[in-house]
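These notes are about the structure you will find just below.
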Amino acid sequence: MRKFQKYLILGLILFLILSSLTGCGSKESSDNSSSNEMNLAPTEESKKERGNNEEASPLEPEKVITTVYIQLKTTEFEKANKDLNALISKNNAYVENSQINYNQHYNNKSYRNGFYLIRVPKDKISSFKSGLNGVGNVVSESTTKQDVTSEYRDTESRLKVLEVKEERILALLSKAGKMEDIIKLENELSETIYEKERLKTNLINIDDKVDFSTFEINIEEVERLTNQETTDTTFGGKLVNAFKNSLFSFRKVLETFVISIIYILPFAVVIGAIAYFVIKFIMKRKK
């Protein structure tokens with residue numbers, strides 16, 4: 001019995017020792033994990049900061065020439081032209097070129113077609129484009145962008161080289177004593193100045209095209225605007241559009257029929273008169 005009690009006491013002592021060791025180990029591991037989390041936290045924050053900086057950085061190059069092509073249709077050409085001019089003034093834009101053709105004929109009517117080349121400040125592109133919806137019915141739209149950053153930087157570098165060359169030629173010219181040397185240096189100076197001014201003009205043209213985007217707008221005058229149906233158009237809307245299209249087609253067929261009769265009427269009268277006299281002449285001979 002005493003022997004059993006000794007073993008029981010020894011087992012309890014071992015259990016307590018193991019329990020204390022396990023507790024210390026778990027505490028150390030929890031401390032280590034918390035310290036690791038603290039060490040990882042700045043890394044995660046720095047990643048987030050880097051991600052935000054990357055999203056905020058502009059993807060578009062510094063020097064980009066933007067050209068927008070838009071085709072409009074309208075039943076009121078004069079009003080569309082007036083609204084377009086008002087939109088141009090509102091957005092501080094200007095017309096670089098415009099052309100209106102009057103020689104398009106359809107259904108015995110003359111329809112106009114207008115082409116406009118408009119320069120719009122790049123900070124007014126969205127405002128100007130949204131305003132075109134009030135000018136006419138937009139049927140097509142496309143945008144092209146041309147990156148000219150490398151070309152611009154290359155031109156700037158060449159310009160700096162020419163400026164340094166001009167200064168050196170002027171320094172040599174001030175020290176030249178022979179007439180032939182002076183003439184040679186003056187010719188070289190003239191070519192350098194000409195090339196320098198040409199490069200400056202190129203830079204000015206690029207800046208102008210970058211600062212003022214180009215809108216190529218075509219306004220087509222039509223008799224009737226087609227009904228635009230989308231995936232959101234309801235069945236009732238489709239029925240209404242079909243009914244309107246049917247009435248329009250019937251009216252056009254009726255108009256064409258009446259106009260055709262008017263065209264044929266003089267010929268029918270002449271042919272009928274001739275047929276009348278021929279038949280009358282034949283009847284007389286038979287008698």
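Within each chain, counting starts at residue 1; across the structure tokens, chains are named A, B, ... in the order shown, with ligands numbered 1 upward in that order.
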With the cut-off set at 8 Å and counting only C-alpha atoms, tabulate each residue of range 108-195 of chain A with an atom at most that distance from an atom of range 73-96 of chain A, showing the nearest atom pair and its distance in Å to one decimal, ordered by chain and increasing number, as JSON lines.
{"residue": "A:Arg112", "atom": "CA", "partner": "A:Phe77", "partner_atom": "CA", "distance": 7.4}
{"residue": "A:Tyr116", "atom": "CA", "partner": "A:Val95", "partner_atom": "CA", "distance": 7.1}
{"residue": "A:Leu117", "atom": "CA", "partner": "A:Glu96", "partner_atom": "CA", "distance": 5.5}
{"residue": "A:Ile118", "atom": "CA", "partner": "A:Val95", "partner_atom": "CA", "distance": 4.5}
{"residue": "A:Arg119", "atom": "CA", "partner": "A:Tyr94", "partner_atom": "CA", "distance": 5.5}
{"residue": "A:Val120", "atom": "CA", "partner": "A:Ala93", "partner_atom": "CA", "distance": 4.6}
{"residue": "A:Pro121", "atom": "CA", "partner": "A:Ala93", "partner_atom": "CA", "distance": 6.5}
{"residue": "A:Lys124", "atom": "CA", "partner": "A:Asn91", "partner_atom": "CA", "distance": 6.2}
{"residue": "A:Ser127", "atom": "CA", "partner": "A:Asn91", "partner_atom": "CA", "distance": 7.5}
{"residue": "A:Phe128", "atom": "CA", "partner": "A:Asn91", "partner_atom": "CA", "distance": 6.5}
{"residue": "A:Gly131", "atom": "CA", "partner": "A:Leu87", "partner_atom": "CA", "distance": 6.8}
{"residue": "A:Leu132", "atom": "CA", "partner": "A:Leu84", "partner_atom": "CA", "distance": 7.4}
{"residue": "A:Gly134", "atom": "CA", "partner": "A:Asp83", "partner_atom": "CA", "distance": 7.7}
{"residue": "A:Val135", "atom": "CA", "partner": "A:Ala80", "partner_atom": "CA", "distance": 5.0}
{"residue": "A:Gly136", "atom": "CA", "partner": "A:Thr74", "partner_atom": "CA", "distance": 5.2}
{"residue": "A:Asn137", "atom": "CA", "partner": "A:Lys73", "partner_atom": "CA", "distance": 5.1}
{"residue": "A:Val138", "atom": "CA", "partner": "A:Lys73", "partner_atom": "CA", "distance": 6.6}
{"residue": "A:Val139", "atom": "CA", "partner": "A:Lys73", "partner_atom": "CA", "distance": 7.1}
List the spatial neighbours of range 185-202 of chain A as a PyMOL selection string - criterion: any atom at most 10 Å away, only C-alpha atoms, same-chain residues fewer than 6 positions off excluded.
chain A and resi 151-152+155-156+158-163+165-170+172-173+176+179+208
As an NGL selection string, please: every residue in range 160-230 of chain A that DSSP puts in strand (DSSP E or B).
:A and (212-221)
Would you mind exporting N, CA, C and O atoms of the selected residues as a tab-separated table (two decimals), in the first residue's frame?
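Output saved as out.tsv:
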chain	number	residue	atom	x	y	z
A	212	PHE	N	-4.20	71.02	-77.00
A	212	PHE	CA	-5.51	71.13	-77.63
A	212	PHE	C	-5.77	69.86	-78.44
A	212	PHE	O	-5.16	69.64	-79.49
A	213	SER	N	-6.67	69.02	-77.92
A	213	SER	CA	-7.03	67.79	-78.62
A	213	SER	C	-7.86	68.10	-79.86
A	213	SER	O	-8.54	69.13	-79.93
A	214	THR	N	-7.80	67.20	-80.83
A	214	THR	CA	-8.49	67.40	-82.11
A	214	THR	C	-9.78	66.57	-82.14
A	214	THR	O	-9.76	65.38	-81.88
A	215	PHE	N	-10.88	67.24	-82.48
A	215	PHE	CA	-12.17	66.57	-82.68
A	215	PHE	C	-12.53	66.66	-84.16
A	215	PHE	O	-12.66	67.76	-84.70
A	216	GLU	N	-12.68	65.52	-84.81
A	216	GLU	CA	-13.15	65.47	-86.18
A	216	GLU	C	-14.62	65.04	-86.14
A	216	GLU	O	-14.93	63.89	-85.87
A	217	ILE	N	-15.50	66.01	-86.42
A	217	ILE	CA	-16.95	65.79	-86.27
A	217	ILE	C	-17.62	65.86	-87.63
A	217	ILE	O	-17.39	66.79	-88.40
A	218	ASN	N	-18.45	64.87	-87.90
A	218	ASN	CA	-19.23	64.83	-89.13
A	218	ASN	C	-20.71	64.85	-88.77
A	218	ASN	O	-21.18	63.99	-88.03
A	219	ILE	N	-21.42	65.88	-89.25
A	219	ILE	CA	-22.86	66.01	-88.98
A	219	ILE	C	-23.62	65.72	-90.27
A	219	ILE	O	-23.46	66.44	-91.27
A	220	GLU	N	-24.42	64.68	-90.26
A	220	GLU	CA	-25.18	64.28	-91.44
A	220	GLU	C	-26.67	64.61	-91.25
A	220	GLU	O	-27.27	64.24	-90.24
A	221	GLU	N	-27.22	65.33	-92.19
A	221	GLU	CA	-28.64	65.68	-92.14
A	221	GLU	C	-29.45	64.54	-92.75
A	221	GLU	O	-29.18	64.09	-93.87
Going by DSSP on the backbone, which residues of range 37-221 of chain A come out as helix (DSSP H, G or I)? List them as a PyMOL selection string.
chain A and resi 37-56+77-90+122-134+149-175+179-211
Would you mind reading off the distance between CA of Ser246 in chain A and CA of Leu265 in chain A, one decimal, in Å?
28.4 Å
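The interatomic distance for the pair CA of Thr67 in chain A and CA of Tyr111 in chain A works out to 27.2 Å.
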So how far away is CA of Phe267 in chain A from CA of Lys284 in chain A, in Å?
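Between CA of Lys284 in chain A and CA of Phe267 in chain A the gap works out to 25.9 Å.
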